[in-house]
Each structure stands twice: as C-alpha cells, then as structure tokens.
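*Asks:* Below is the file protein.tsv, with TSV, C-alpha atoms.
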```tsv
chain	number	residue	atom	x	y	z
C	1	MET	CA	15.92	-50.00	-41.32
C	2	ALA	CA	15.30	-50.87	-44.96
C	3	ALA	CA	12.51	-53.34	-45.76
C	4	LEU	CA	13.68	-56.89	-46.34
C	5	VAL	CA	11.25	-57.27	-49.25
C	6	ASP	CA	10.64	-54.61	-51.88
C	7	PRO	CA	6.91	-53.70	-51.61
C	8	ASN	CA	6.82	-52.48	-55.22
C	9	ARG	CA	6.56	-55.83	-56.93
C	10	PRO	CA	5.65	-56.28	-60.64
C	11	ASP	CA	2.01	-56.96	-61.54
C	12	TRP	CA	2.81	-60.39	-63.04
C	13	GLU	CA	4.48	-61.78	-59.92
C	14	ILE	CA	2.57	-64.39	-57.92
C	15	PRO	CA	2.66	-63.63	-54.16
C	16	PHE	CA	4.47	-66.36	-52.26
C	17	GLU	CA	1.46	-67.07	-50.03
C	18	ASP	CA	-0.61	-67.79	-53.17
C	19	VAL	CA	1.86	-70.25	-54.69
C	20	SER	CA	0.44	-73.76	-54.86
C	21	ASN	CA	2.39	-76.97	-55.30
C	22	SER	CA	1.35	-77.12	-58.96
C	23	VAL	CA	2.86	-73.70	-59.59
C	24	LEU	CA	5.92	-74.31	-57.44
C	25	SER	CA	7.02	-77.33	-59.47
C	26	VAL	CA	6.13	-78.50	-62.98
C	27	MET	CA	8.43	-81.50	-62.50
C	28	PRO	CA	7.81	-83.21	-59.14
C	29	GLY	CA	9.79	-86.35	-58.41
C	30	GLU	CA	8.64	-89.61	-60.02
C	31	SER	CA	9.53	-91.91	-57.15
C	32	ASP	CA	8.81	-95.20	-58.94
C	33	LYS	CA	11.56	-94.76	-61.57
C	34	THR	CA	14.49	-97.15	-61.19
C	35	PHE	CA	17.71	-97.93	-63.04
C	36	TYR	CA	20.73	-100.16	-62.56
C	37	ASP	CA	23.58	-98.13	-61.14
C	38	PRO	CA	26.79	-99.65	-62.58
C	39	LEU	CA	28.89	-98.29	-59.73
C	40	LEU	CA	26.66	-99.76	-57.01
C	41	ARG	CA	25.80	-102.82	-59.13
C	42	ARG	CA	22.16	-102.74	-58.05
C	43	GLU	CA	18.83	-101.09	-58.87
C	44	VAL	CA	18.12	-97.72	-57.28
C	45	LYS	CA	15.13	-95.39	-57.24
C	46	TRP	CA	16.96	-92.45	-58.74
C	47	GLU	CA	14.29	-89.73	-58.83
C	48	GLN	CA	12.69	-89.20	-55.45
C	49	ASP	CA	12.77	-85.45	-55.92
C	50	VAL	CA	13.78	-82.91	-58.59
C	51	TYR	CA	15.93	-79.78	-58.26
C	52	CYS	CA	17.94	-77.22	-60.19
C	53	PRO	CA	16.93	-77.49	-63.88
C	54	THR	CA	18.99	-75.89	-66.61
C	55	GLY	CA	17.64	-75.64	-70.12
C	56	SER	CA	17.99	-74.53	-73.71
C	57	ILE	CA	16.06	-74.63	-76.98
C	58	TYR	CA	16.69	-77.42	-79.49
C	59	HIS	CA	14.62	-77.63	-82.69
C	60	GLY	CA	11.89	-75.45	-81.16
C	61	ARG	CA	11.55	-77.57	-78.03
C	62	ILE	CA	12.70	-76.80	-74.47
C	63	TYR	CA	15.19	-79.34	-73.13
C	64	CYS	CA	16.14	-79.40	-69.45
C	65	VAL	CA	18.82	-81.25	-67.54
C	66	TYR	CA	17.86	-81.47	-63.87
C	67	ARG	CA	19.26	-82.82	-60.63
C	68	ALA	CA	17.39	-85.82	-59.23
C	69	TYR	CA	17.69	-87.09	-55.65
C	70	GLY	CA	17.83	-90.87	-55.28
C	71	ASP	CA	16.86	-93.21	-52.47
C	72	ASP	CA	20.59	-93.88	-51.94
C	73	ASP	CA	21.13	-90.21	-50.91
C	74	GLN	CA	23.02	-89.41	-54.12
C	75	TRP	CA	22.23	-87.07	-57.01
C	76	ARG	CA	21.98	-87.93	-60.68
C	77	MET	CA	20.83	-85.86	-63.63
C	78	GLY	CA	17.72	-86.47	-65.67
C	79	LEU	CA	16.59	-85.16	-69.05
C	80	ALA	CA	13.19	-83.58	-69.76
C	81	TRP	CA	11.62	-81.85	-72.76
C	82	SER	CA	8.58	-79.69	-73.34
C	83	ASP	CA	6.76	-77.93	-76.16
C	84	ASP	CA	5.17	-75.28	-73.92
C	85	GLY	CA	7.39	-74.99	-70.81
C	86	ARG	CA	4.66	-76.36	-68.52
C	87	GLN	CA	4.08	-79.97	-69.56
C	88	PHE	CA	7.32	-81.95	-69.51
C	89	VAL	CA	8.16	-85.46	-70.65
C	90	ARG	CA	11.05	-87.10	-68.83
C	91	ALA	CA	13.44	-89.89	-69.70
C	92	ASP	CA	13.10	-93.09	-67.69
C	93	ARG	CA	16.84	-93.27	-66.98
C	94	PRO	CA	19.26	-90.57	-65.79
C	95	VAL	CA	21.16	-88.90	-68.60
C	96	PHE	CA	24.23	-88.51	-66.35
C	97	HIS	CA	25.39	-90.93	-63.68
C	98	ALA	CA	28.69	-92.35	-62.48
C	99	ARG	CA	30.24	-95.21	-64.45
C	100	PRO	CA	33.24	-97.39	-63.54
C	101	GLU	CA	34.99	-96.40	-66.79
C	102	ASP	CA	34.85	-92.65	-66.00
C	103	GLU	CA	38.51	-92.11	-65.11
C	104	PHE	CA	37.99	-88.43	-64.26
C	105	LEU	CA	36.03	-89.50	-61.15
C	106	GLY	CA	39.29	-90.69	-59.59
C	107	PRO	CA	38.97	-92.26	-56.11
C	108	LEU	CA	35.22	-91.55	-56.06
C	109	ARG	CA	34.60	-94.59	-58.25
C	110	ASP	CA	36.57	-96.95	-56.02
C	111	ASP	CA	33.96	-97.24	-53.25
C	112	ARG	CA	31.32	-99.57	-54.69
C	113	THR	CA	29.06	-99.06	-51.63
C	114	ARG	CA	28.22	-95.48	-52.68
C	115	SER	CA	27.53	-93.83	-56.00
C	116	VAL	CA	28.72	-90.39	-57.16
C	117	SER	CA	26.53	-87.30	-57.22
C	118	TYR	CA	26.15	-85.04	-60.25
C	119	GLY	CA	24.42	-81.68	-60.04
C	120	ASP	CA	24.23	-77.89	-60.28
C	121	SER	CA	24.46	-77.92	-64.06
C	122	ARG	CA	24.60	-75.18	-66.70
C	123	LEU	CA	23.61	-75.78	-70.32
C	124	ILE	CA	24.68	-73.50	-73.16
C	125	ALA	CA	24.53	-73.70	-76.97
C	126	SER	CA	27.57	-72.75	-79.04
C	127	GLU	CA	27.35	-71.08	-82.43
C	128	ASP	CA	28.25	-74.32	-84.23
C	129	GLY	CA	25.24	-76.16	-82.78
C	130	THR	CA	27.06	-78.01	-79.99
C	131	TYR	CA	25.48	-77.91	-76.53
C	132	TYR	CA	27.82	-77.89	-73.54
C	133	LEU	CA	26.86	-78.90	-70.02
C	134	LEU	CA	28.96	-77.89	-67.03
C	135	PHE	CA	28.26	-79.65	-63.74
C	136	ASN	CA	29.65	-80.50	-60.31
C	137	TYR	CA	30.44	-84.03	-59.19
C	138	PHE	CA	31.08	-85.30	-55.67
C	139	ARG	CA	29.89	-87.93	-53.19
C	140	HIS	CA	26.93	-86.45	-51.37
C	141	VAL	CA	27.03	-86.38	-47.55
C	142	VAL	CA	30.27	-88.34	-47.05
C	143	ALA	CA	32.60	-86.55	-49.52
C	144	PRO	CA	31.09	-83.14	-50.31
C	145	GLU	CA	34.22	-81.63	-51.90
C	146	GLN	CA	33.17	-80.84	-55.45
C	147	GLU	CA	34.91	-80.80	-58.82
C	148	LEU	CA	33.77	-79.30	-62.13
C	149	ALA	CA	33.26	-81.33	-65.30
C	150	VAL	CA	31.98	-80.72	-68.84
C	151	ALA	CA	29.97	-82.75	-71.33
C	152	SER	CA	28.68	-82.01	-74.83
C	153	THR	CA	25.99	-83.08	-77.28
C	154	ARG	CA	24.59	-82.11	-80.65
C	155	ASP	CA	21.20	-83.82	-80.34
C	156	MET	CA	20.34	-83.84	-76.59
C	157	VAL	CA	20.36	-87.64	-76.68
C	158	ASN	CA	23.97	-88.73	-77.27
C	159	TRP	CA	26.36	-87.08	-74.80
C	160	THR	CA	30.14	-87.10	-74.55
C	161	VAL	CA	31.53	-86.61	-71.05
C	162	HIS	CA	34.89	-84.87	-71.36
C	163	GLY	CA	35.78	-84.96	-67.67
C	164	ARG	CA	37.28	-82.38	-65.34
C	165	ILE	CA	37.52	-78.83	-66.64
C	166	PHE	CA	40.80	-77.85	-64.98
C	167	THR	CA	42.62	-81.17	-65.25
C	168	ARG	CA	45.68	-79.59	-66.93
C	169	VAL	CA	45.83	-76.69	-64.47
C	170	ALA	CA	45.67	-78.26	-61.02
C	171	ALA	CA	45.10	-81.56	-59.26
C	172	ARG	CA	41.85	-80.25	-57.76
C	173	ASP	CA	39.40	-77.66	-59.03
C	174	ARG	CA	39.26	-76.03	-55.61
C	175	ASP	CA	42.94	-75.18	-56.05
C	176	VAL	CA	41.80	-72.95	-58.94
C	177	ILE	CA	38.48	-71.70	-57.54
C	178	PRO	CA	38.44	-71.72	-53.70
C	179	GLU	CA	35.38	-73.26	-52.08
C	180	LYS	CA	33.08	-71.33	-49.79
C	181	ALA	CA	32.51	-72.95	-46.41
C	182	PRO	CA	30.64	-75.05	-45.70
C	183	TRP	CA	31.03	-77.10	-48.88
C	184	ARG	CA	29.88	-74.41	-51.28
C	185	PHE	CA	31.78	-74.79	-54.52
C	186	PRO	CA	31.19	-71.93	-56.96
C	187	HIS	CA	28.54	-72.90	-59.48
C	188	PRO	CA	29.69	-73.07	-63.10
C	189	ALA	CA	28.83	-70.40	-65.66
C	190	VAL	CA	29.77	-69.99	-69.32
C	191	VAL	CA	31.03	-66.91	-71.12
C	192	THR	CA	29.50	-67.14	-74.58
C	193	ARG	CA	30.82	-63.98	-76.19
C	194	LEU	CA	33.27	-61.15	-75.56
C	195	GLU	CA	32.26	-57.96	-77.34
C	196	ALA	CA	34.88	-55.20	-77.49
C	197	THR	CA	34.03	-51.58	-78.20
C	198	ASP	CA	36.05	-48.37	-78.13
C	199	SER	CA	35.14	-47.70	-74.51
C	200	SER	CA	34.28	-51.03	-72.93
C	201	ARG	CA	34.15	-54.80	-73.26
C	202	ARG	CA	30.87	-56.57	-72.58
C	203	GLU	CA	30.62	-60.22	-71.57
C	204	SER	CA	27.60	-62.35	-72.41
C	205	THR	CA	27.17	-65.26	-70.01
C	206	ALA	CA	24.78	-68.13	-69.35
C	207	SER	CA	24.36	-69.26	-65.77
C	208	THR	CA	20.89	-70.75	-65.40
C	209	GLY	CA	20.40	-73.32	-62.68
C	210	CYS	CA	20.77	-73.58	-58.90
C	211	ILE	CA	22.16	-70.85	-56.71
```
Re-express the file's structure as structure tokens.
*Replies:*
Amino acid sequence: MAALVDPNRPDWEIPFEDVSNSVLSVMPGESDKTFYDPLLRREVKWEQDVYCPTGSIYHGRIYCVYRAYGDDDQWRMGLAWSDDGRQFVRADRPVFHARPEDEFLGPLRDDRTRSVSYGDSRLIASEDGTYYLLFNYFRHVVAPEQELAVASTRDMVNWTVHGRIFTRVAARDRDVIPEKAPWRFPHPAVVTRLEATDSSRRESTASTGCI
C-alpha cells in the first residue's frame, strides 16, 4: 500500500506537528467588530472567524478579500492589506455583504430574519488594471444552494457588484455547472490568457482561495 503522506518533503516545509497558532493564521477573527446589516436591520458581530483569503498585488501592497463568519451563522467578506504578507490591517466593515437593493440575490433577500452568505472568492487582475472578484452567495445552513457572482474594482476600495455570472444562460448557476453533493458548488476560477502555439494551447488561470 502506498504511503498516505510523501516522506520526501521539501526542506522549507514546516511539519504539521510544529505548526503553532501564530503560523497557522496571520488573520485570526476579530470578534468585537460589528456593523449594521441592512438586510437584518440590526447590528451583528460579523467577524468571529476568518477563512479562505484570496489576494493580489495593488501598488506594491498585498490586498486580500477573505470570508468572515458572523455571530448570525452567515458569511460576509472582509478586506485586508499588508506590506509584508505577515502583518495585515483589516477594514472595520465587510467589503461585501447582502443589501436589499441587490436584485441578483432574488428570493434570498426577502427573508429579513436571515442575511445572505458570501464566500469562496477568487481575485484576479486584468491587463487594463481592473480587478475582478468571483464569489459564491447563498444562505448558510438553511439554503446552501450556491450561485456565482462577479464584482470589480480599480482601487480595492470602491467595488461594483455586477451580479450573477450566468444570468443570461440559465435561471440557476447549478443548471450550468452541476453541484457536488452534499452542497459542494464548484469554486470559481478565472482564465486570464489563452496562448496558442503550433502544437498546443496553454491556459493561464488564477484560482487562489478555498478548496
């Protein structure tokens, strides 16, 4: 039987048994952070824990969009930045959260007793300087069926949420990309370049984030 773990590991790798909490996470949850959720119409503690960062470089600084778990059992996305990749500064409010005016959310915005979860994001820079973020949205726990959406920015501060990616193709994204049971929607990725040669075509993709 083949070994479950390759014994020939690289010299730079930290053995799992030696990983401390400080190494495991450079962005632990900041549980005292609150914001007014416009869908719930009340204050929530939106960052009890942090998961699944995706990042890119903007003006020499690392910017990350990450999934934050709130005390209402829903996910929102925060924004963090760093000059060295170890010490991060985070925004006080989520950069992405559900709003009543977001028509692409459909029936998810009608239940004012629960918010909408955003997560599993991918961030990629285009050649014209626009940054695109792909992410899933759903209602965590009670409505786990997920849809894909896209947003964009040119400065990491002001974002435009464009809505569902496949809105002109099908009523639901899972009609285009089948889900994997239980509740495992394929995570988004971005093809940034198609390079054709005489013998082959190579695709360059960006797919950082949760798996």
*Asks:* Record the distance separating atom CA of C:Pro100 and atom CA of C:Arg112, expressed in Å with one decimal.
*Replies:* 9.3 Å
*Asks:* Please compute the atom CA of C:Asp37-atom CA of C:Val89 distance, one decimal, in Å.
*Replies:* 22.1 Å
*Asks:* Could you state the separation of atom CA of C:Val191 and atom CA of C:Gly85 in Å, given to one decimal place?
*Replies:*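 One can read the atom CA of C:Val191 to atom CA of C:Gly85 distance as 25.0 Å.
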*Asks:* At a cut-off of 12 Å, using all atoms listed in the file, what residues contact C:Asn158? Leave out same-chain residues fewer than 3 positions from it and give the result as a PyMOL selection string.
*Replies:* chain C and resi 79+95-96+130-131+151-155+161
*Asks:* With distances taken over all atoms listed in the file, which of C:Asp71, C:Ser56, C:Thr167, C:Val116 is nearest to C:Glu43?
*Replies:*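 Residue with the minimum atom-to-atom distance to C:Glu43: C:Asp71.
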*Asks:* I need the residue nearest C:Ala171 from this list: C:Asp111, C:Ser121, C:Glu147, C:Arg41. Use only C-alpha atoms for the distance.
*Replies:* C:Glu147
*Asks:* Fewer than 4 positions away in the same chain doesn't count, so skip those; otherwise give me all residues within 9 Å of C:Ala143, counting only C-alpha atoms, as a list in words.
*Replies:*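 In the requested form, the answer reads Leu108, Phe138 and Arg139 of chain C.
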*Asks:* Which is closer to C:Cys52 than all the others in C:Asp32, C:Asp72, C:Asp120, C:Asp175, using only C-alpha atoms?
*Replies:*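 Closest to C:Cys52 of all the choices is C:Asp120.
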*Asks:* Please list as a list in words every residue within 7 Å of C:Arg61, counting all atoms listed in the file and excluding residues in the same chain fewer than 5 positions away.
*Replies:*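 Contacts, in chain order: Trp81, Ser82 and Asp83 of chain C.
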*Asks:* Counting only C-alpha atoms, figure out which residue out of C:Leu123, C:Val190, C:Ile177, C:Ala170 gets nearest to C:Gln146.
*Replies:* C:Ile177
*Asks:* From the set C:Met77, C:Leu39, C:Val65, C:Val150, which residue has the shortest atom-to-atom contact distance to C:Phe135, counting all atoms listed in the file?
*Replies:*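 Once distances to C:Phe135 are computed over all atoms listed in the file, the minimum belongs to C:Val150.
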*Asks:* Could you tell me which of C:Thr192, C:Arg122, C:Pro53, C:Pro38 comes closest to C:Glu101 if we count only C-alpha atoms?
*Replies:*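 For C:Glu101, the nearest of the candidates is C:Pro38.
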*Asks:* Got a moment to write stretch 81-152 of chain C out with C-alpha atoms, as a PDB file, in the first residue's frame?
*Replies:*
```pdb
ATOM      1  CA  TRP C  81      -3.900  44.669   3.215  1.00  0.00           C
ATOM      2  CA  SER C  82      -0.267  44.091   4.055  1.00  0.00           C
ATOM      3  CA  ASP C  83       3.179  45.361   3.098  1.00  0.00           C
ATOM      4  CA  ASP C  84       4.993  42.142   4.039  1.00  0.00           C
ATOM      5  CA  GLY C  85       2.409  39.320   3.842  1.00  0.00           C
ATOM      6  CA  ARG C  86       2.548  38.688   7.609  1.00  0.00           C
ATOM      7  CA  GLN C  87       1.170  41.813   9.278  1.00  0.00           C
ATOM      8  CA  PHE C  88      -2.289  42.674   7.957  1.00  0.00           C
ATOM      9  CA  VAL C  89      -4.544  45.659   8.522  1.00  0.00           C
ATOM     10  CA  ARG C  90      -8.253  44.972   8.149  1.00  0.00           C
ATOM     11  CA  ALA C  91     -11.246  47.137   7.380  1.00  0.00           C
ATOM     12  CA  ASP C  92     -13.747  47.615  10.185  1.00  0.00           C
ATOM     13  CA  ARG C  93     -16.714  46.782   7.945  1.00  0.00           C
ATOM     14  CA  PRO C  94     -17.217  43.927   5.476  1.00  0.00           C
ATOM     15  CA  VAL C  95     -16.406  44.860   1.900  1.00  0.00           C
ATOM     16  CA  PHE C  96     -19.172  42.547   0.622  1.00  0.00           C
ATOM     17  CA  HIS C  97     -22.493  41.878   2.298  1.00  0.00           C
ATOM     18  CA  ALA C  98     -26.106  41.488   1.218  1.00  0.00           C
ATOM     19  CA  ARG C  99     -28.133  44.633   0.546  1.00  0.00           C
ATOM     20  CA  PRO C 100     -31.884  44.979  -0.090  1.00  0.00           C
ATOM     21  CA  GLU C 101     -31.198  46.696  -3.432  1.00  0.00           C
ATOM     22  CA  ASP C 102     -29.139  43.749  -4.783  1.00  0.00           C
ATOM     23  CA  GLU C 103     -31.687  42.342  -7.235  1.00  0.00           C
ATOM     24  CA  PHE C 104     -29.428  39.442  -8.253  1.00  0.00           C
ATOM     25  CA  LEU C 105     -29.967  37.908  -4.789  1.00  0.00           C
ATOM     26  CA  GLY C 106     -33.550  37.107  -5.764  1.00  0.00           C
ATOM     27  CA  PRO C 107     -35.662  35.417  -3.050  1.00  0.00           C
ATOM     28  CA  LEU C 108     -32.662  35.335  -0.684  1.00  0.00           C
ATOM     29  CA  ARG C 109     -33.214  38.993   0.179  1.00  0.00           C
ATOM     30  CA  ASP C 110     -36.895  38.535   1.025  1.00  0.00           C
ATOM     31  CA  ASP C 111     -36.368  36.845   4.409  1.00  0.00           C
ATOM     32  CA  ARG C 112     -35.392  39.689   6.735  1.00  0.00           C
ATOM     33  CA  THR C 113     -34.739  37.242   9.617  1.00  0.00           C
ATOM     34  CA  ARG C 114     -31.568  35.910   7.943  1.00  0.00           C
ATOM     35  CA  SER C 115     -28.775  37.522   5.984  1.00  0.00           C
ATOM     36  CA  VAL C 116     -27.045  36.142   2.862  1.00  0.00           C
ATOM     37  CA  SER C 117     -23.642  34.489   2.887  1.00  0.00           C
ATOM     38  CA  TYR C 118     -20.809  35.457   0.547  1.00  0.00           C
ATOM     39  CA  GLY C 119     -17.658  33.385   0.242  1.00  0.00           C
ATOM     40  CA  ASP C 120     -15.130  31.220  -1.611  1.00  0.00           C
ATOM     41  CA  SER C 121     -13.806  34.140  -3.625  1.00  0.00           C
ATOM     42  CA  ARG C 122     -11.199  34.452  -6.376  1.00  0.00           C
ATOM     43  CA  LEU C 123      -9.446  37.738  -7.155  1.00  0.00           C
ATOM     44  CA  ILE C 124      -7.672  38.403 -10.448  1.00  0.00           C
ATOM     45  CA  ALA C 125      -6.185  41.482 -12.128  1.00  0.00           C
ATOM     46  CA  SER C 126      -6.879  42.184 -15.792  1.00  0.00           C
ATOM     47  CA  GLU C 127      -4.368  43.781 -18.134  1.00  0.00           C
ATOM     48  CA  ASP C 128      -6.244  47.104 -18.076  1.00  0.00           C
ATOM     49  CA  GLY C 129      -5.868  47.446 -14.296  1.00  0.00           C
ATOM     50  CA  THR C 130      -9.342  46.251 -13.313  1.00  0.00           C
ATOM     51  CA  TYR C 131      -9.570  43.679 -10.522  1.00  0.00           C
ATOM     52  CA  TYR C 132     -12.353  41.111 -10.729  1.00  0.00           C
ATOM     53  CA  LEU C 133     -13.697  39.114  -7.812  1.00  0.00           C
ATOM     54  CA  LEU C 134     -15.714  35.942  -8.328  1.00  0.00           C
ATOM     55  CA  PHE C 135     -17.610  34.577  -5.335  1.00  0.00           C
ATOM     56  CA  ASN C 136     -20.437  32.305  -4.222  1.00  0.00           C
ATOM     57  CA  TYR C 137     -23.573  33.562  -2.499  1.00  0.00           C
ATOM     58  CA  PHE C 138     -26.177  31.563  -0.595  1.00  0.00           C
ATOM     59  CA  ARG C 139     -27.934  31.414   2.773  1.00  0.00           C
ATOM     60  CA  HIS C 140     -25.714  29.390   5.072  1.00  0.00           C
ATOM     61  CA  VAL C 141     -27.261  26.381   6.850  1.00  0.00           C
ATOM     62  CA  VAL C 142     -30.881  26.875   5.734  1.00  0.00           C
ATOM     63  CA  ALA C 143     -30.423  27.424   1.965  1.00  0.00           C
ATOM     64  CA  PRO C 144     -26.999  26.069   0.982  1.00  0.00           C
ATOM     65  CA  GLU C 145     -27.611  26.022  -2.788  1.00  0.00           C
ATOM     66  CA  GLN C 146     -24.994  28.385  -4.176  1.00  0.00           C
ATOM     67  CA  GLU C 147     -24.838  30.785  -7.108  1.00  0.00           C
ATOM     68  CA  LEU C 148     -21.833  32.536  -8.668  1.00  0.00           C
ATOM     69  CA  ALA C 149     -21.454  36.307  -8.871  1.00  0.00           C
ATOM     70  CA  VAL C 150     -18.803  38.802 -10.001  1.00  0.00           C
ATOM     71  CA  ALA C 151     -17.658  42.211  -8.786  1.00  0.00           C
ATOM     72  CA  SER C 152     -14.937  44.583  -9.959  1.00  0.00           C
TER      73      SER C 152
END
```
